[in-house]
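Contents: one structure, followed by commentary.
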Amino acid sequence: MIESCDEETTVPRTTQLRTYTVREGLLDEWAAKWRELVVPLRLEFGFEIQGAWLDRERSQFVWVISYDGPESFTERNSQYWASPKRVAIGLDPEDYLVKTDIREVTAAC
């Protein structure tokens, strides 16, 4: 269901559509680690995750993430990556991902 997008209810936020091409044979492992390790920490940092999907034919992981807070998305994302909790996860995207495509998107309403 698409929510109403009038000026009074629209909240400025940054939303990104992220498509990751995952190394052959590692798609399910990546998705499980992302769900178990990345999602809780992203939520703790105030990000919202609108959904995630697998494109098995292309070995791609697609997800939508947004942030609406006092800092910009870029600033908050930098804080996330620099945090001791992120380091402690021990999950290096380069071990799984061969390509990333990140697009900033807005609601079409």
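Letters A, B, ... go to the chains of the structure tokens in the order shown; residues in each chain start at 1; ligands are counted from 1 in the same order.
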
Neighbour list for Trp53 in chain A as a list in words, cut-off 8 Å, only C-alpha atoms, skip fewer than 4 positions in-chain: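 After dropping sequence-adjacent residues, the list is Phe61, Val62 and Trp63 of chain A.
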
Filtered DSSP result for chain A, state alpha helix (DSSP H), as a ChimeraX atom specification: /A:27-33,39-44,73-82,84-89

Print the selection's residues with N, CA and C atoms to a file, as a JSON list (two decimals), in the first residue's frame.
```
[["chain", "number", "residue", "atom", "x", "y", "z"],
["A", 27, "LEU", "N", 25.39, -16.45, -1.74],
["A", 27, "LEU", "CA", 24.22, -15.58, -1.59],
["A", 27, "LEU", "C", 23.44, -15.88, -0.31],
["A", 28, "ASP", "N", 23.14, -17.13, -0.06],
["A", 28, "ASP", "CA", 22.37, -17.47, 1.15],
["A", 28, "ASP", "C", 23.15, -17.17, 2.42],
["A", 29, "GLU", "N", 24.44, -17.44, 2.40],
["A", 29, "GLU", "CA", 25.28, -17.15, 3.57],
["A", 29, "GLU", "C", 25.31, -15.65, 3.83],
["A", 30, "TRP", "N", 25.49, -14.85, 2.76],
["A", 30, "TRP", "CA", 25.49, -13.40, 2.91],
["A", 30, "TRP", "C", 24.17, -12.92, 3.50],
["A", 31, "ALA", "N", 23.05, -13.40, 2.94],
["A", 31, "ALA", "CA", 21.73, -12.96, 3.41],
["A", 31, "ALA", "C", 21.53, -13.30, 4.88],
["A", 32, "ALA", "N", 21.95, -14.47, 5.29],
["A", 32, "ALA", "CA", 21.80, -14.87, 6.70],
["A", 32, "ALA", "C", 22.65, -14.00, 7.61],
["A", 33, "LYS", "N", 23.89, -13.73, 7.23],
["A", 33, "LYS", "CA", 24.76, -12.89, 8.07],
["A", 33, "LYS", "C", 24.26, -11.45, 8.09],
["A", 39, "VAL", "N", 21.44, -6.07, 10.21],
["A", 39, "VAL", "CA", 20.14, -5.46, 10.46],
["A", 39, "VAL", "C", 20.01, -4.92, 11.89],
["A", 40, "PRO", "N", 20.28, -5.71, 12.93],
["A", 40, "PRO", "CA", 20.10, -5.17, 14.29],
["A", 40, "PRO", "C", 20.95, -3.91, 14.56],
["A", 41, "LEU", "N", 22.16, -3.89, 14.05],
["A", 41, "LEU", "CA", 23.02, -2.73, 14.30],
["A", 41, "LEU", "C", 22.55, -1.52, 13.49],
["A", 42, "ARG", "N", 22.13, -1.75, 12.26],
["A", 42, "ARG", "CA", 21.59, -0.64, 11.46],
["A", 42, "ARG", "C", 20.39, -0.02, 12.18],
["A", 43, "LEU", "N", 19.52, -0.86, 12.69],
["A", 43, "LEU", "CA", 18.34, -0.35, 13.42],
["A", 43, "LEU", "C", 18.75, 0.41, 14.67],
["A", 44, "GLU", "N", 19.76, -0.10, 15.36],
["A", 44, "GLU", "CA", 20.27, 0.58, 16.56],
["A", 44, "GLU", "C", 20.78, 1.97, 16.23],
["A", 73, "PHE", "N", 22.45, 11.25, 6.06],
["A", 73, "PHE", "CA", 22.63, 9.81, 5.86],
["A", 73, "PHE", "C", 24.13, 9.49, 5.82],
["A", 74, "THR", "N", 24.87, 10.29, 5.09],
["A", 74, "THR", "CA", 26.31, 10.06, 4.94],
["A", 74, "THR", "C", 27.03, 10.12, 6.28],
["A", 75, "GLU", "N", 26.70, 11.12, 7.09],
["A", 75, "GLU", "CA", 27.33, 11.24, 8.41],
["A", 75, "GLU", "C", 26.98, 10.05, 9.30],
["A", 76, "ARG", "N", 25.70, 9.68, 9.31],
["A", 76, "ARG", "CA", 25.28, 8.57, 10.17],
["A", 76, "ARG", "C", 25.87, 7.26, 9.68],
["A", 77, "ASN", "N", 25.97, 7.10, 8.38],
["A", 77, "ASN", "CA", 26.56, 5.89, 7.81],
["A", 77, "ASN", "C", 28.04, 5.80, 8.20],
["A", 78, "SER", "N", 28.74, 6.91, 8.19],
["A", 78, "SER", "CA", 30.15, 6.93, 8.60],
["A", 78, "SER", "C", 30.28, 6.54, 10.07],
["A", 79, "GLN", "N", 29.37, 7.04, 10.90],
["A", 79, "GLN", "CA", 29.39, 6.68, 12.33],
["A", 79, "GLN", "C", 29.14, 5.18, 12.50],
["A", 80, "TYR", "N", 28.23, 4.65, 11.72],
["A", 80, "TYR", "CA", 27.94, 3.21, 11.76],
["A", 80, "TYR", "C", 29.20, 2.40, 11.44],
["A", 81, "TRP", "N", 29.86, 2.74, 10.33],
["A", 81, "TRP", "CA", 31.04, 1.98, 9.91],
["A", 81, "TRP", "C", 32.22, 2.13, 10.87],
["A", 82, "ALA", "N", 32.32, 3.29, 11.54],
["A", 82, "ALA", "CA", 33.44, 3.54, 12.45],
["A", 82, "ALA", "C", 33.18, 3.01, 13.87],
["A", 84, "PRO", "N", 32.70, 0.76, 17.16],
["A", 84, "PRO", "CA", 33.30, -0.48, 17.67],
["A", 84, "PRO", "C", 32.38, -1.68, 17.47],
["A", 85, "LYS", "N", 31.07, -1.46, 17.56],
["A", 85, "LYS", "CA", 30.14, -2.57, 17.36],
["A", 85, "LYS", "C", 30.20, -3.10, 15.93],
["A", 86, "ARG", "N", 30.35, -2.19, 14.96],
["A", 86, "ARG", "CA", 30.45, -2.64, 13.56],
["A", 86, "ARG", "C", 31.75, -3.41, 13.35],
["A", 87, "VAL", "N", 32.82, -2.92, 13.92],
["A", 87, "VAL", "CA", 34.11, -3.61, 13.81],
["A", 87, "VAL", "C", 34.00, -5.00, 14.44],
["A", 88, "ALA", "N", 33.31, -5.09, 15.58],
["A", 88, "ALA", "CA", 33.18, -6.36, 16.30],
["A", 88, "ALA", "C", 32.38, -7.41, 15.53],
["A", 89, "ILE", "N", 31.53, -6.97, 14.62],
["A", 89, "ILE", "CA", 30.76, -7.92, 13.81],
["A", 89, "ILE", "C", 31.69, -8.88, 13.06]]
```

Near-Asp95 in chain A list (12 Å; only C-alpha atoms; drop same-chain fewer than 3 positions) as a list in words: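 Here the answer would be Thr21, Val22, Arg23, Glu24, Leu26, Leu27, Glu29, Trp30, Gly90, Leu91, Asp92, Val98 and Lys99 of chain A.
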
If you run DSSP on this backbone, which residues of chain A come out as strand (DSSP E), and could you give them as a PDB file with N, CA and C atoms, in the first residue's frame?
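Contents of states32.pdb, as written:
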```pdb
ATOM      1  N   THR A  14      16.536  10.339   3.586  1.00  0.00           N
ATOM      2  CA  THR A  14      17.345   9.776   2.515  1.00  0.00           C
ATOM      3  C   THR A  14      17.035   8.295   2.441  1.00  0.00           C
ATOM      4  N   THR A  15      16.735   7.831   1.253  1.00  0.00           N
ATOM      5  CA  THR A  15      16.456   6.422   1.024  1.00  0.00           C
ATOM      6  C   THR A  15      17.378   5.921  -0.074  1.00  0.00           C
ATOM      7  N   GLN A  16      17.965   4.769   0.170  1.00  0.00           N
ATOM      8  CA  GLN A  16      18.864   4.173  -0.814  1.00  0.00           C
ATOM      9  C   GLN A  16      18.369   2.796  -1.217  1.00  0.00           C
ATOM     10  N   LEU A  17      18.426   2.546  -2.520  1.00  0.00           N
ATOM     11  CA  LEU A  17      18.189   1.228  -3.084  1.00  0.00           C
ATOM     12  C   LEU A  17      19.570   0.645  -3.339  1.00  0.00           C
ATOM     13  N   ARG A  18      19.871  -0.449  -2.672  1.00  0.00           N
ATOM     14  CA  ARG A  18      21.204  -1.046  -2.760  1.00  0.00           C
ATOM     15  C   ARG A  18      21.117  -2.423  -3.415  1.00  0.00           C
ATOM     16  N   THR A  19      21.929  -2.618  -4.431  1.00  0.00           N
ATOM     17  CA  THR A  19      22.001  -3.905  -5.116  1.00  0.00           C
ATOM     18  C   THR A  19      23.432  -4.400  -5.025  1.00  0.00           C
ATOM     19  N   TYR A  20      23.595  -5.555  -4.419  1.00  0.00           N
ATOM     20  CA  TYR A  20      24.913  -6.156  -4.256  1.00  0.00           C
ATOM     21  C   TYR A  20      24.979  -7.428  -5.097  1.00  0.00           C
ATOM     22  N   THR A  21      26.005  -7.542  -5.909  1.00  0.00           N
ATOM     23  CA  THR A  21      26.262  -8.795  -6.605  1.00  0.00           C
ATOM     24  C   THR A  21      27.189  -9.603  -5.710  1.00  0.00           C
ATOM     25  N   VAL A  22      26.727 -10.792  -5.347  1.00  0.00           N
ATOM     26  CA  VAL A  22      27.408 -11.626  -4.353  1.00  0.00           C
ATOM     27  C   VAL A  22      28.205 -12.722  -5.058  1.00  0.00           C
ATOM     28  N   PHE A  47      18.649   3.664  11.441  1.00  0.00           N
ATOM     29  CA  PHE A  47      18.271   3.419  10.055  1.00  0.00           C
ATOM     30  C   PHE A  47      16.986   2.604  10.029  1.00  0.00           C
ATOM     31  N   GLU A  48      16.246   2.723   8.946  1.00  0.00           N
ATOM     32  CA  GLU A  48      15.073   1.882   8.720  1.00  0.00           C
ATOM     33  C   GLU A  48      15.367   1.017   7.501  1.00  0.00           C
ATOM     34  N   ILE A  49      14.933  -0.217   7.559  1.00  0.00           N
ATOM     35  CA  ILE A  49      15.110  -1.122   6.429  1.00  0.00           C
ATOM     36  C   ILE A  49      13.722  -1.480   5.925  1.00  0.00           C
ATOM     37  N   GLN A  50      13.447  -1.086   4.680  1.00  0.00           N
ATOM     38  CA  GLN A  50      12.120  -1.288   4.121  1.00  0.00           C
ATOM     39  C   GLN A  50      11.924  -2.689   3.551  1.00  0.00           C
ATOM     40  N   GLY A  51      13.002  -3.392   3.292  1.00  0.00           N
ATOM     41  CA  GLY A  51      12.878  -4.754   2.771  1.00  0.00           C
ATOM     42  C   GLY A  51      14.173  -5.212   2.137  1.00  0.00           C
ATOM     43  N   ALA A  52      14.238  -6.518   1.897  1.00  0.00           N
ATOM     44  CA  ALA A  52      15.405  -7.115   1.240  1.00  0.00           C
ATOM     45  C   ALA A  52      14.922  -8.283   0.389  1.00  0.00           C
ATOM     46  N   TRP A  53      15.568  -8.477  -0.755  1.00  0.00           N
ATOM     47  CA  TRP A  53      15.168  -9.497  -1.709  1.00  0.00           C
ATOM     48  C   TRP A  53      16.392 -10.178  -2.299  1.00  0.00           C
ATOM     49  N   LEU A  54      16.209 -11.427  -2.712  1.00  0.00           N
ATOM     50  CA  LEU A  54      17.262 -12.178  -3.385  1.00  0.00           C
ATOM     51  C   LEU A  54      16.889 -12.345  -4.850  1.00  0.00           C
ATOM     52  N   ASP A  55      17.835 -12.064  -5.733  1.00  0.00           N
ATOM     53  CA  ASP A  55      17.702 -12.347  -7.161  1.00  0.00           C
ATOM     54  C   ASP A  55      18.688 -13.473  -7.440  1.00  0.00           C
ATOM     55  N   GLN A  60      22.218 -11.747  -6.783  1.00  0.00           N
ATOM     56  CA  GLN A  60      22.156 -10.393  -6.252  1.00  0.00           C
ATOM     57  C   GLN A  60      21.283 -10.320  -5.005  1.00  0.00           C
ATOM     58  N   PHE A  61      21.707  -9.439  -4.124  1.00  0.00           N
ATOM     59  CA  PHE A  61      21.002  -9.129  -2.888  1.00  0.00           C
ATOM     60  C   PHE A  61      20.571  -7.673  -3.010  1.00  0.00           C
ATOM     61  N   VAL A  62      19.278  -7.418  -2.910  1.00  0.00           N
ATOM     62  CA  VAL A  62      18.732  -6.077  -3.098  1.00  0.00           C
ATOM     63  C   VAL A  62      18.015  -5.666  -1.814  1.00  0.00           C
ATOM     64  N   TRP A  63      18.310  -4.451  -1.347  1.00  0.00           N
ATOM     65  CA  TRP A  63      17.619  -3.977  -0.151  1.00  0.00           C
ATOM     66  C   TRP A  63      17.434  -2.476  -0.189  1.00  0.00           C
ATOM     67  N   VAL A  64      16.504  -2.011   0.648  1.00  0.00           N
ATOM     68  CA  VAL A  64      16.198  -0.587   0.733  1.00  0.00           C
ATOM     69  C   VAL A  64      16.416  -0.153   2.174  1.00  0.00           C
ATOM     70  N   ILE A  65      17.200   0.904   2.328  1.00  0.00           N
ATOM     71  CA  ILE A  65      17.535   1.447   3.645  1.00  0.00           C
ATOM     72  C   ILE A  65      17.285   2.951   3.625  1.00  0.00           C
ATOM     73  N   SER A  66      16.807   3.482   4.747  1.00  0.00           N
ATOM     74  CA  SER A  66      16.593   4.926   4.825  1.00  0.00           C
ATOM     75  C   SER A  66      17.027   5.437   6.195  1.00  0.00           C
ATOM     76  N   TYR A  67      17.204   6.755   6.235  1.00  0.00           N
ATOM     77  CA  TYR A  67      17.570   7.407   7.489  1.00  0.00           C
ATOM     78  C   TYR A  67      16.958   8.793   7.501  1.00  0.00           C
ATOM     79  N   LEU A  97      31.000  -9.628  -1.554  1.00  0.00           N
ATOM     80  CA  LEU A  97      30.452  -8.818  -2.639  1.00  0.00           C
ATOM     81  C   LEU A  97      31.478  -8.551  -3.728  1.00  0.00           C
ATOM     82  N   VAL A  98      31.034  -8.720  -4.977  1.00  0.00           N
ATOM     83  CA  VAL A  98      31.917  -8.419  -6.107  1.00  0.00           C
ATOM     84  C   VAL A  98      31.551  -7.087  -6.749  1.00  0.00           C
ATOM     85  N   LYS A  99      30.337  -6.613  -6.476  1.00  0.00           N
ATOM     86  CA  LYS A  99      29.898  -5.335  -7.045  1.00  0.00           C
ATOM     87  C   LYS A  99      28.797  -4.760  -6.166  1.00  0.00           C
ATOM     88  N   THR A 100      28.804  -3.441  -6.001  1.00  0.00           N
ATOM     89  CA  THR A 100      27.723  -2.768  -5.281  1.00  0.00           C
ATOM     90  C   THR A 100      27.188  -1.626  -6.136  1.00  0.00           C
ATOM     91  N   ASP A 101      25.890  -1.457  -6.109  1.00  0.00           N
ATOM     92  CA  ASP A 101      25.234  -0.345  -6.793  1.00  0.00           C
ATOM     93  C   ASP A 101      24.322   0.305  -5.761  1.00  0.00           C
ATOM     94  N   ILE A 102      24.592   1.561  -5.444  1.00  0.00           N
ATOM     95  CA  ILE A 102      23.807   2.281  -4.440  1.00  0.00           C
ATOM     96  C   ILE A 102      23.184   3.491  -5.116  1.00  0.00           C
ATOM     97  N   ARG A 103      21.859   3.540  -5.070  1.00  0.00           N
ATOM     98  CA  ARG A 103      21.129   4.642  -5.692  1.00  0.00           C
ATOM     99  C   ARG A 103      20.254   5.325  -4.653  1.00  0.00           C
ATOM    100  N   GLU A 104      20.330   6.644  -4.627  1.00  0.00           N
ATOM    101  CA  GLU A 104      19.436   7.399  -3.761  1.00  0.00           C
ATOM    102  C   GLU A 104      18.115   7.564  -4.506  1.00  0.00           C
ATOM    103  N   VAL A 105      17.020   7.214  -3.843  1.00  0.00           N
ATOM    104  CA  VAL A 105      15.712   7.251  -4.490  1.00  0.00           C
ATOM    105  C   VAL A 105      14.725   8.055  -3.648  1.00  0.00           C
TER     106      VAL A 105
END
```

Atom pair CA of Arg56 in chain A / CA of Trp34 in chain A: separation (Å):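 Going from CA of Arg56 in chain A over to CA of Trp34 in chain A covers 16.1 Å.
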
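Reported to one decimal place, the separation of CA of Pro93 in chain A from CA of Val38 in chain A is 10.7 Å.
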
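We find CA of Ala107 in chain A and CA of Pro70 in chain A to be spaced 20.6 Å apart.
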